[in-house]
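Trainee: Encoded as structure tokens, here's the structure I'll be asking about.
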There are 2 protein chains.
Amino acid sequence: MPPRAGQTKARAGASTRRPRGSLSREEITRGAFELIESEGVDELSMPRLARHLGVGVTSIYWYFRSKDELLDALTEQAAVRFTELMPTFNGYIWDEHLRQYFRAFRRLFIENPALCDLIVLRAPMQSQEAKTHYFGRLEREIKMLVDAGFPMREAVHAYMTLSVYARGCVLQDRLYAVAGQSTEPDGERKSLAAVIDPATMPVMSEAINHWSSTFATDDDFEMGLTTIIDGLSQQLLRARARS
Amino acid sequence: MPPRAGQTKARAGASTRRPRGSLSREEITRGAFELIESEGVDELSMPRLARHLGVGVTSIYWYFRSKDELLDALTEQAAVRFTELMPTFNGYIWDEHLRQYFRAFRRLFIENPALCDLIVLRAPMQSQEAKTHYFGRLEREIKMLVDAGFPMREAVHAYMTLSVYARGCVLQDRLYAVAGQSTEPDGERKSLAAVIDPATMPVMSEAINHWSSTFATDDDFEMGLTTIIDGLSQQLLRARARS
DNA sequence: ACCTGAACACCGTTCAAGT
DNA sequence: ACCTGAACACCGTTCAAGT
């Protein structure tokens with residue numbers, strides 16, 4: 001791996017001491033993101049990060065009390081980045097809006113595994129800044145649902161149900177990604193057929209024709225999305241009938 | 001912690017060598033489950049497990065090539081245990097059946113964090129045995145939906161959508177559980193109010209009245225369940241109309 | 001105030017023995 | 001065939017310096 005220009009790299013045995021103000025929380029988190037994006041969050045370790053930054057390991061501890069505190073900071077930045085990357089959709093009616101929104105929501109996590117690992121698989125945001133960003137976005141989305149006629153409680157839960165479902169799909173996708181990829185395209189169905197005896201499992205032996213290994217493909221996701229939005233339509237009709 | 005009777009315990013400095021056939025895959029996985037159940041999956045380490053069993057660390061490596069192989073075996077057993085613990089429901093119509101089933105599904109994971117960590121947060125099952133158990137259960141559930149009138153493809157996806165949603169809720173619950181519990185009962189709403197300015201976020205400042213910290217409470221879960229089942233009802237009506 | 005290496009307790013794993 | 005400790009490379013973190 002050739003050292004890239006314009007970047008602080010591990011000095012090859014050079015024992016130059018870093019100047020005083022050369023390090024900062026920002027540089028550390030930036031380096032950590034680079035590491036996570038290229039190697040995955042599991043590969044982030046304090047010694048590795050220090051080497052990547054060309055710093056002594058313990059220097060990082062001046063800026064972050066622990067690795068966990070560093071990860072919290074990364075999660076917070078990831079949350080901000082995520083809300084910034086999410087496009088805004090305008091002019092759609094509520095059901096099509098939700099569909100577009102959560103389709104993008106899922107795509108974003110799948111295309112940015114670093115954000116996925118930090119946001120989906122880690123504890124909830126704590127910082128004021130991250131929450132403010134997040135709620136700013138929620139304000140838009142929930143208002144949209146309220147304007148469409150959803151009572152406040154139903155609007156909140158509509159968003160949350162879809163959010164939990166979408167994150168569940170992303171999690172599924174991620175777990176299957178880290179466990180070795182499926183080998184041949186049709187290998188999955190064959191290996192399923194091996195454990196399904198048509199005599200004792202007549203339904204399953206037909207069901208596997210509609211099977212995808214992860215159940216987190218684009219099509220799988222779309223079907224669940226449709227189901228949930230159909231359910232919300234029903235609830236909206238009932239709510240309108242009541243008022 | 002007093003040593004429990006009838007259990008192989010760490011010998012207090014005793015350097016007695018274990019007899020030949022005294023260890024086994026079964027004893028190791030049993031000890032590992034005990035450790036996971038009492039300490040959590042993060043606390044499982046090879047040295048700890050060895051100490052718990054009163055064995056040299058390296059003895060474990062005779063039975064499992066690596067920690068990962070051990071975890072795979074644990075995951076497999078957890079999957080079998082899970083399907084055995086899931087009650088069977090009889091005599092309900094399809095929508096009530098799904099509600100009961102996934103309610104129990106979620107409860108089981110919440111009440112058995114060890115199973116949750118191994119199944120929900122780890123890679124998919126690989127072994128024949130686990131798959132056979134799992135598909136046996138799926139046979140029942142999908143047949144139920146097909147008998148209710150769902151086309152095969154829709155039946156498969158109905159189950160999977162609910163399964164992804166329920167696991168998403170469980171994940172949420174688990175993440176909030178490991179990150180410190182919320183302090184006061186009403187503290188959450190107050191801390192939310194701190195970042196929500198009613199002037200700029202009129203909708204959110206009302207929405208937080210319907211807010212729960214995790215969005216994975218029993219009520220939250222039930223609402224999403226209702227939404228999804230409502231959506232499935234719609235699809236069933238359409239499918240029946242088509243045929 | 002900021003950066004550093006030495007040192008500690010822990011981890012997963014390998015290896016060359018013991019019986 | 002099965003069990004063992006010594007040893008290795010790695011990790012997160014602390015501490016007592018250096019400048």
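Residues are referred to by chain and number: the chain letter is A, B, ... according to the order shown in the structure tokens, the number counts from 1 in that chain, and ligands are numbered separately from 1 in the order shown.
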What's the 9 Å shell around stretch 36-42 of chain B, counting only C-alpha atoms (C1' of nucleotides), without same-chain residues fewer than 2 positions away, as a PyMOL selection string?
Mentor: chain B and resi 31-34+44-45+112-115+117-118
Trainee: Write a file of the selected residues as an mmCIF file, in the first residue's frame, keeping N, CA and C atoms.
Mentor:
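Result went into selection36.cif, see below:
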data_model
loop_
_atom_site.group_PDB
_atom_site.id
_atom_site.type_symbol
_atom_site.label_atom_id
_atom_site.label_comp_id
_atom_site.auth_asym_id
_atom_site.auth_seq_id
_atom_site.Cartn_x
_atom_site.Cartn_y
_atom_site.Cartn_z
ATOM 1 N N GLY B 31 -21.241 -25.116 29.745
ATOM 2 C CA GLY B 31 -20.561 -24.099 30.546
ATOM 3 C C GLY B 31 -20.616 -22.732 29.897
ATOM 4 N N ALA B 32 -20.484 -22.706 28.581
ATOM 5 C CA ALA B 32 -20.518 -21.426 27.866
ATOM 6 C C ALA B 32 -21.884 -20.762 28.022
ATOM 7 N N PHE B 33 -22.952 -21.563 27.936
ATOM 8 C CA PHE B 33 -24.294 -21.009 28.112
ATOM 9 C C PHE B 33 -24.468 -20.451 29.516
ATOM 10 N N GLU B 34 -23.954 -21.200 30.516
ATOM 11 C CA GLU B 34 -24.055 -20.699 31.887
ATOM 12 C C GLU B 34 -23.394 -19.333 32.011
ATOM 13 N N LEU B 44 -17.991 -13.534 27.517
ATOM 14 C CA LEU B 44 -17.481 -14.882 27.231
ATOM 15 C C LEU B 44 -16.096 -14.798 26.604
ATOM 16 N N SER B 45 -15.117 -15.347 27.303
ATOM 17 C CA SER B 45 -13.778 -15.432 26.731
ATOM 18 C C SER B 45 -13.241 -16.821 26.999
ATOM 19 N N ASN B 112 -34.873 -13.884 27.211
ATOM 20 C CA ASN B 112 -33.644 -14.673 27.114
ATOM 21 C C ASN B 112 -32.585 -13.909 26.332
ATOM 22 N N PRO B 113 -31.942 -12.964 26.993
ATOM 23 C CA PRO B 113 -30.947 -12.147 26.285
ATOM 24 C C PRO B 113 -29.865 -12.986 25.633
ATOM 25 N N ALA B 114 -29.558 -14.145 26.239
ATOM 26 C CA ALA B 114 -28.522 -14.995 25.652
ATOM 27 C C ALA B 114 -28.956 -15.462 24.265
ATOM 28 N N LEU B 115 -30.196 -15.937 24.167
ATOM 29 C CA LEU B 115 -30.697 -16.356 22.862
ATOM 30 C C LEU B 115 -30.722 -15.182 21.893
ATOM 31 N N ASP B 117 -28.804 -12.465 21.826
ATOM 32 C CA ASP B 117 -27.466 -12.109 21.353
ATOM 33 C C ASP B 117 -26.952 -13.112 20.336
ATOM 34 N N LEU B 118 -27.253 -14.378 20.558
ATOM 35 C CA LEU B 118 -26.728 -15.402 19.659
ATOM 36 C C LEU B 118 -27.493 -15.465 18.342
#
Trainee: Just want the 10 Å neighbourhood of stretch 13-19 of chain C, counted on only C-alpha atoms (C1' of nucleotides), with same-chain residues fewer than 6 positions away dropped. Output as a PDB file with C-alpha atoms (C1' of nucleotides), in the first residue's frame.
Mentor:
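Once everything was written out, this is part_32.pdb:
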ATOM      1  CA  ARG B  17      -4.803 -32.988  35.768  1.00  0.00           C
ATOM      2  CA  PRO B  19      -8.813 -37.393  33.548  1.00  0.00           C
ATOM      3  CA  ARG B  20      -8.939 -38.395  29.938  1.00  0.00           C
ATOM      4  CA  THR B  58      -6.016 -24.827  25.519  1.00  0.00           C
ATOM      5  CA  TYR B  61      -9.170 -25.948  21.444  1.00  0.00           C
ATOM      6  CA  ARG B  65     -10.911 -25.002  16.429  1.00  0.00           C
ATOM      7  CA  SER B  66     -11.578 -21.396  17.429  1.00  0.00           C
ATOM      8  CA  LYS B  67     -13.814 -19.190  19.504  1.00  0.00           C
TER       9      LYS B  67
ATOM     10  C1'  DC D   2      -6.764 -36.065  25.061  1.00  0.00           C
ATOM     11  C1'  DC D   3      -5.071 -32.482  28.387  1.00  0.00           C
ATOM     12  C1'  DT D   4      -1.470 -29.048  29.624  1.00  0.00           C
ATOM     13  C1'  DG D   5       1.498 -24.574  30.308  1.00  0.00           C
ATOM     14  C1'  DA D   6       4.647 -21.526  28.006  1.00  0.00           C
ATOM     15  C1'  DA D   7       4.758 -18.243  24.534  1.00  0.00           C
ATOM     16  C1'  DC D   8       3.185 -14.877  20.907  1.00  0.00           C
ATOM     17  C1'  DA D   9       0.905 -11.067  18.954  1.00  0.00           C
TER      18       DA D   9
END
Trainee: What lies within 6 Å of stretch 124-138 of chain B using only C-alpha atoms (C1' of nucleotides), ignoring chain neighbours under 5 positions off, as a ChimeraX atom specification?
Mentor: /A:195 /B:76,80
Trainee: Selected residues, N, CA and C atoms, written as a PDB file, in the first residue's frame, please.
Mentor:
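Result written to selection-v9.pdb:
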ATOM      1  N   VAL A 195     -32.427 -29.941   3.227  1.00  0.00           N
ATOM      2  CA  VAL A 195     -32.998 -30.162   4.556  1.00  0.00           C
ATOM      3  C   VAL A 195     -34.517 -30.242   4.515  1.00  0.00           C
TER       4      VAL A 195
ATOM      5  N   GLU B  76     -26.190 -22.380  17.056  1.00  0.00           N
ATOM      6  CA  GLU B  76     -26.988 -23.501  16.572  1.00  0.00           C
ATOM      7  C   GLU B  76     -27.873 -24.049  17.692  1.00  0.00           C
ATOM      8  N   VAL B  80     -32.124 -24.094  18.126  1.00  0.00           N
ATOM      9  CA  VAL B  80     -32.940 -25.260  18.457  1.00  0.00           C
ATOM     10  C   VAL B  80     -33.756 -24.973  19.716  1.00  0.00           C
TER      11      VAL B  80
END
Trainee: Restrict the distance test to only C-alpha atoms, flag each residue of chain A within 7 Å of chain B, and return the flagged residues as a PyMOL selection string.
Mentor: chain A and resi 122-124+128+132+139+143+152-153+156+161+164-165+167-169+175-176+179+195+201+203-204+207+210+224+227-232+234
Trainee: What separation in Å, quoted to one decimal, exists between atom CA of A:Leu71 and atom CA of B:Arg106?
Mentor: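 Spanning atom CA of A:Leu71 to atom CA of B:Arg106 is a straight-line distance of 28.8 Å.
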